[in-house]
Structure formats: C-alpha cells, structure tokens
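Have a look at the structure below, then the notes.
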Amino acid sequence: MNAIEVNNLKKKYNDNYVVKGVSFNVKAGEIFGFLGKNGAGKTTTINMLSGIIRPTEGAFCIMGQTHTRMDMIKSQIGVMPDAANYYYEMTALNHLVFFSELKNAKVKQDQLIHILERVGLSGHERKKVKGFSFGMKKKLGIAQALIGDPKLIFLDEPTSGLDPESVVEIQQLIQELNAQHKTIFLTSHNLHEVEKLCSRIVIMEQGLITKYGSMDELKKQYQQHIELFLKIGPVPAANVQSMRQELSQYCTDLMFEESELTCSVSNEEHIPRIVYTLAKRDIDIYKVVPKQVTLEDIFFG
C-alpha cells in the first residue's frame, strides 16, 4: 500500500512553474527522503501535499484519499514545517492544546503530556516557550505534528541548526516513530542523516525530479568505480613492477606509497583477488577500505 501517490503535480505562480510536473509514491511505513537545493520546489510540493496551497495541475492521493478531500487527509497527517510558528507566552502544554483545537482533534490533556514526554520535553510541559532552547522548540514542533496520532508525518528539516546530541535524539525519535508503523516524509539538507534514515529518496532540481529510488538502486546506478585503500607491509623494490603488472588486471590508477596502496576497481568482486595477490607474495595486509558512492556523490553528481 502507498501512503502517498503523486501524479504530474504542478504549481504555477504568475507565468512561472515552480513545480513542473512531479510523480512519485511513498510506501506506507517507510522513511522517505525528499531532497533538493534551495529553490528546487521541495517546500512548494510539501505545501501542496499538506493542503497549505492548491496545485495548479495534476493530482495526488494520501492514505487513500484524493487531493480533493483535504479535510479527510488533514485528519490523518501531521506536519512540522521548517519555519514553525511558536507562541512564546504559551506553555508547551497550552501550545499543544491550542493546535489540537485548530486541528479539531479530541485529545485529552494526559495524552498531550505523553506526546511531550515522547519528544523529550518531560518536565517542561508547563514552562513558557519563550524560555526554550532552539532544540527544545524543534522537539515542540515534532510534538505538534504528533497531535491526533497521525499515520503520516511530514518533517521539514527537523534537525537543522541543532547540536550533535540533539540531532541524535531527534533521529532516534524518528526511528521510534517509524517502528510504530508511522510513515515519515523527511526533508533535510543533512545528506548523511538522509542516507542513515531513509529507505528511498527523491531529489528535485528546478521543479523536476531528477533522481528517484532506493539507496541501493541509486548507488548501483552511480557507482562507476570503487576507490580502494589498503594499508600494507613493505613491498621489496624488486617486486613492485611485477606486482603492478599482476594487479593491473583487477584495478586501475594503481599507486604504491610506502605502506599504502590505492587503486580503483570497477567491480567489488575484484577486491578479494587483489588481497589474494598480495597475500601470496607474503605482503602483510593491515587494512582494506573500499570507498563506495555516497548520497553526497549522488546529490551533487
């Protein structure tokens, strides 16, 4: 089952299309990464899917409801925008009470307190938001998105600007929510975070989707070669040339530097053959490190 199905979605302002026809799906229960540089059309797309703005053309379906039934959709989703609005004179608990009323969600106070506990704000329920740190406000934004126990949660830059400890806490929270069968739609400029959390991703550029698929699919598509680093024992000078010739059938760009060997391989099956070639020549091998393509390579590639 798909939590989201998007078909040729477009948005035009004046005579300019900022989203030029995007199509993708998000599977129920997955953490889905939605990426792109500033101005790519990410926020506009999210605003259409969450009902903040209407699409110019195209259609989408969320949790089985078409985009013409945003009243039904809004009851099943939670949204944490990147630039969340906070009412600084309100306490954290009153903040959630206010937003639950806006959402027409019948939520008891003890349930709201439990939500604050889940996001790490236990003990701060009755403190005013104006005294919260930046990280605490981020957590309050996630708590706001959890009101009504939504099946689908949009998180826009949930860890941006946070210290490393808070980043880890929120990443763990996202994983916990996903373990409870929540579908997470995540946007982030932290590519390492996306690679760690997301099973599939979309990358947008200038209003269009340019890359779409699972991390494994994209890595296979963009992995042209594997850079290989080996820390080895000394190689007798008399053996370097013959070893270079033997290894050249498995790798390219071969370089020896004291106790290091670096090269490029087109197929990971060649790596054990390189190790075997060194071992049979009684060369000690201390470390083998293959550097494979990363999400950063895919994003900027």
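Chain identifiers are assigned as A, B, and so on, following the order in which chains appear in the structure tokens; residues are numbered from 1 within each chain, and ligands are numbered from 1 in order of appearance.
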Please list as number ranges by chain every residue within 7 Å of segment 273-290 of chain A, counting only C-alpha atoms and excluding residues in the same chain fewer than 5 positions away. A: 226-233, 235, 247, 250
Find the residues around segment 80-95 of chain A up to 9 Å (only C-alpha atoms counted), leave out those fewer than 3 positions away in its own chain, and share them as a PyMOL selection string. chain A and resi 43+98-100+109+112-113+116+121+124-132+137-138+140-145+153-158+160
Can I get the selection written as a compact mmCIF listing (two decimals), in the first residue's frame, with C-alpha atoms?
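Produced file selection-v4.txt, reproduced below:
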# COMPACT_ATOMS: atom_id res chain seq x y z
CA THR A 43 8.60 23.27 0.07
CA PHE A 98 -4.26 25.26 21.04
CA PHE A 99 -3.11 23.32 17.99
CA SER A 100 -5.27 20.31 18.82
CA GLN A 109 -4.55 16.61 28.40
CA LEU A 112 -0.72 15.74 25.19
CA ILE A 113 1.60 15.38 28.18
CA LEU A 116 5.70 15.92 25.14
CA LEU A 121 10.19 17.51 26.85
CA HIS A 124 8.86 21.24 30.61
CA GLU A 125 5.12 20.87 29.98
CA ARG A 126 4.15 23.98 31.94
CA LYS A 127 7.13 26.15 31.03
CA LYS A 128 6.70 29.03 28.59
CA VAL A 129 8.06 28.50 25.09
CA LYS A 130 10.00 31.80 25.24
CA GLY A 131 12.46 30.12 27.59
CA PHE A 132 13.04 27.12 25.31
CA LYS A 137 11.49 24.29 20.01
CA LYS A 138 12.31 21.72 17.34
CA LEU A 140 7.89 21.00 20.32
CA GLY A 141 7.39 21.26 16.55
CA ILE A 142 7.56 17.47 16.28
CA ALA A 143 5.16 17.15 19.22
CA GLN A 144 2.75 19.44 17.40
CA ALA A 145 2.95 17.14 14.35
CA ILE A 153 4.18 12.75 9.35
CA PHE A 154 5.87 15.48 7.29
CA LEU A 155 9.13 16.64 8.90
CA ASP A 156 10.81 19.60 7.22
CA GLU A 157 14.43 20.00 8.38
CA PRO A 158 13.81 18.54 11.87
CA SER A 160 18.77 21.78 11.16
Run DSSP on the backbone and grab whatever in segment 33-143 of chain A lands in strand (DSSP E); send it over as a VMD selection string. chain A and resid 33 to 36 57 to 62 65 to 66 77 to 80
As an exercise, work out the distance from atom CA of Val119 of chain A to atom CA of Gln171 of chain A in Å and give it to one decimal place.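 Rounded to one decimal, the two atoms are 10.8 Å apart.
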Fewer than 2 positions away in the same chain doesn't count, so skip those; otherwise give me all residues within 12 Å of Asn38 of chain A, counting only C-alpha atoms, as a list in words.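 That gives Val18, Leu35, Gly36, Ala40, Gly41, Lys42, Thr43, Thr44, Thr187, Ser188, His189, Ile203, Met204, Glu205, Gln206 and Gly207 of chain A.
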Give the answer as one residue: which of A:Lys182, A:His192, A:Lys151, A:His270 has the shortest atom-to-atom distance to Ser75 of chain A, using only C-alpha atoms?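 Under the stated criterion, the closest residue is A:Lys151.
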Using only C-alpha atoms, pick whichever of A:Gly21, A:Gly213, A:Gly64, A:Gly161 has the shortest atom-to-atom distance to Gly135 of chain A.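 Distance minimum relative to Gly135 of chain A lands on A:Gly161.
One distance worth recording is that between atom CA of Cys251 of chain A and atom CA of Ser266 of chain A, which is 7.2 Å.
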Check the smallest atom-to-atom distance from each of A:Val22, A:Ala59, A:Met1, A:Ile147 to Gln111 of chain A using only C-alpha atoms, then report the winner.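 Ranked by minimum distance to Gln111 of chain A, first place goes to A:Ile147.
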Counting only C-alpha atoms, figure out which residue out of A:Ala238, A:Val293, A:Ile184, A:Met243 gets nearest to Gln224 of chain A. A:Val293
Here atom CA of Lys20 of chain A and atom CA of Leu208 of chain A stand apart by 5.8 Å
Could you go through segment 58-191 of chain A and tell me which residues DSSP, when run on the backbone, assigns to helix (DSSP H, G or I), listing them as a ChimeraX atom specification? /A:67-74,92-102,109-118,129-131,134-145,164-179,191
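Nearest residue to Val79 of chain A, choosing from A:Asp149, A:Glu30, A:Glu258, A:Glu117 and counting only C-alpha atoms: A:Asp149.
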Among the residues A:Leu173, A:Leu254, A:Met63, A:Val6, the one that comes closest to Ala28 of chain A [using only C-alpha atoms]: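 Once distances to Ala28 of chain A are computed over only C-alpha atoms, the minimum belongs to A:Met63.
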